[in-house]
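Report on one structure; see the data block that follows.
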Amino acid sequence: MQDTSSEVLISEVGPRDGLQSVQATMPTAHKLRWIDALVAAGLREIEVGSFVPPKLLPQMADAPAVVQHALQHPGLTVMALVPNRRGAEAAFASGVHKITLPVSVSEAHSLANVRKTPMQMLDELRAVLALRRDTAPQVRVEVGLSTAFGCTLQGAVDEDDVIRLALACAEAGVDEVGLSDTTGMAHPAQVRRLFTRLRAEMGDERAGAAHLHNTRGLGLANCLAAFDVGVRTFDASLGGLGGCPYAPGASGNVVTEDLVFMFEAMGVRTGVDIEQLIAAREPLKAGLPGEPVYGMTPEAGLPKGWQPHSYRLP
């Protein structure tokens, strides 16, 4: 039986994962207004950008300025993605509270994404952790294991390889290791099985977020499967914006609005005001005119008699 008395943390990744996956570059002023609207809706953790060379991802060139603005919001965990030690150095200097490193289980994806093998990324991770120890010990470091559920370049990914790499990251000293369905290939039975193994091997404290995509329409089902086995942190993107530019055919992050509705309808607290969350789509659309945004809940509207934390689906 599901524990519906608990709370979950929704980590909004649209300002990073979403924006890096579209061709247009959202102007900085629009990014700041969008982040303000997300905070106003009650989101407590936002991945606001990534520290990568601007020539590779011009959409992220303003990451330091975006971090500085986001830090003005008390109670918000400001997070950024970094691919290597150099990116971590810039992120630490900006004042972020948390960084995440993508470490791919698939060698083919790892080479396409960060131009390093998984083992070379482990070395990079150790260098980042040494830098953290010396310069920014207050910053949390998490690893998202990319292509944990399959790879569009390599195909199937061995689950034993996923667990081995997760344990190697934990041994290196990261705070959390999450699993990412980078390519949208996961299904609920696989999600349940792999997160159960991860939590058994690493414990509840270090087994991190579920980053799941809706590429084949299974995003919410996969999130529910992860919730059923104890996961309490979920990445999502407003309007379903994003995917992975280095995984052909992968698209569609889990829609934050739909995920919040699902949990709140179940009586699981998210801390997010869904009406204000839906309103946060407006600054997103203003900053990316013409870019499609998705979500069943915003299109259908909230059910008659909807009250947060108390509404139950029949």
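In the structure tokens, chains take the letters A, B, ... in the order shown, each chain's residues start at 1, and ligands count up from 1 in the order shown.
For region 110-112 of chain A, the list of residues within 10 Å, based on only C-alpha atoms and with local chain neighbours fewer than 3 positions off taken out, reads Pro102, Val103, Ser104, Val105, Ser106, Glu107, Arg115, Lys116, Thr117, Pro118, Met119, Gln120, Met121, Ser146, Thr147, Leu153, Pro245, Tyr246 and Ala247 of chain A.
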Legend entry - Every residue of region 34-282 of chain A that DSSP places in alpha helix (DSSP H), as a PyMOL selection string: chain A and resi 34-40+63-70+85-94+107-114+118-135+159-172+188-202+219-228+256-266+274-279+281-282
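Using only C-alpha atoms, the nearest neighbour of Ser50 (chain A) within the list A:Ala24, A:Leu224, A:Leu9, A:Ile99 is A:Ile99.
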Inset, instruction - Tell me which protein, DNA and RNA residues are within 6 Å of region 54-63 of chain A, counting only C-alpha atoms, leaving out same-chain ones fewer than 5 positions away, and put them as a ChimeraX atom specification. - result: /A:20,25,49
Report as a Markdown table: every residue of region 48-121 of chain A with an atom at most 8 Å from region 130-138 of chain A, its closest pair of atoms, and their distance in Å to one decimal, counting only C-alpha atoms, with rows sorted by chain and ascending residue number.
| residue | atom | partner | partner_atom | distance |
| --- | --- | --- | --- | --- |
| A:Arg85 | CA | A:Leu131 | CA | 7.7 |
| A:Glu89 | CA | A:Leu131 | CA | 7.5 |
| A:Phe92 | CA | A:Ala136 | CA | 6.4 |
| A:His97 | CA | A:Gln138 | CA | 7.5 |
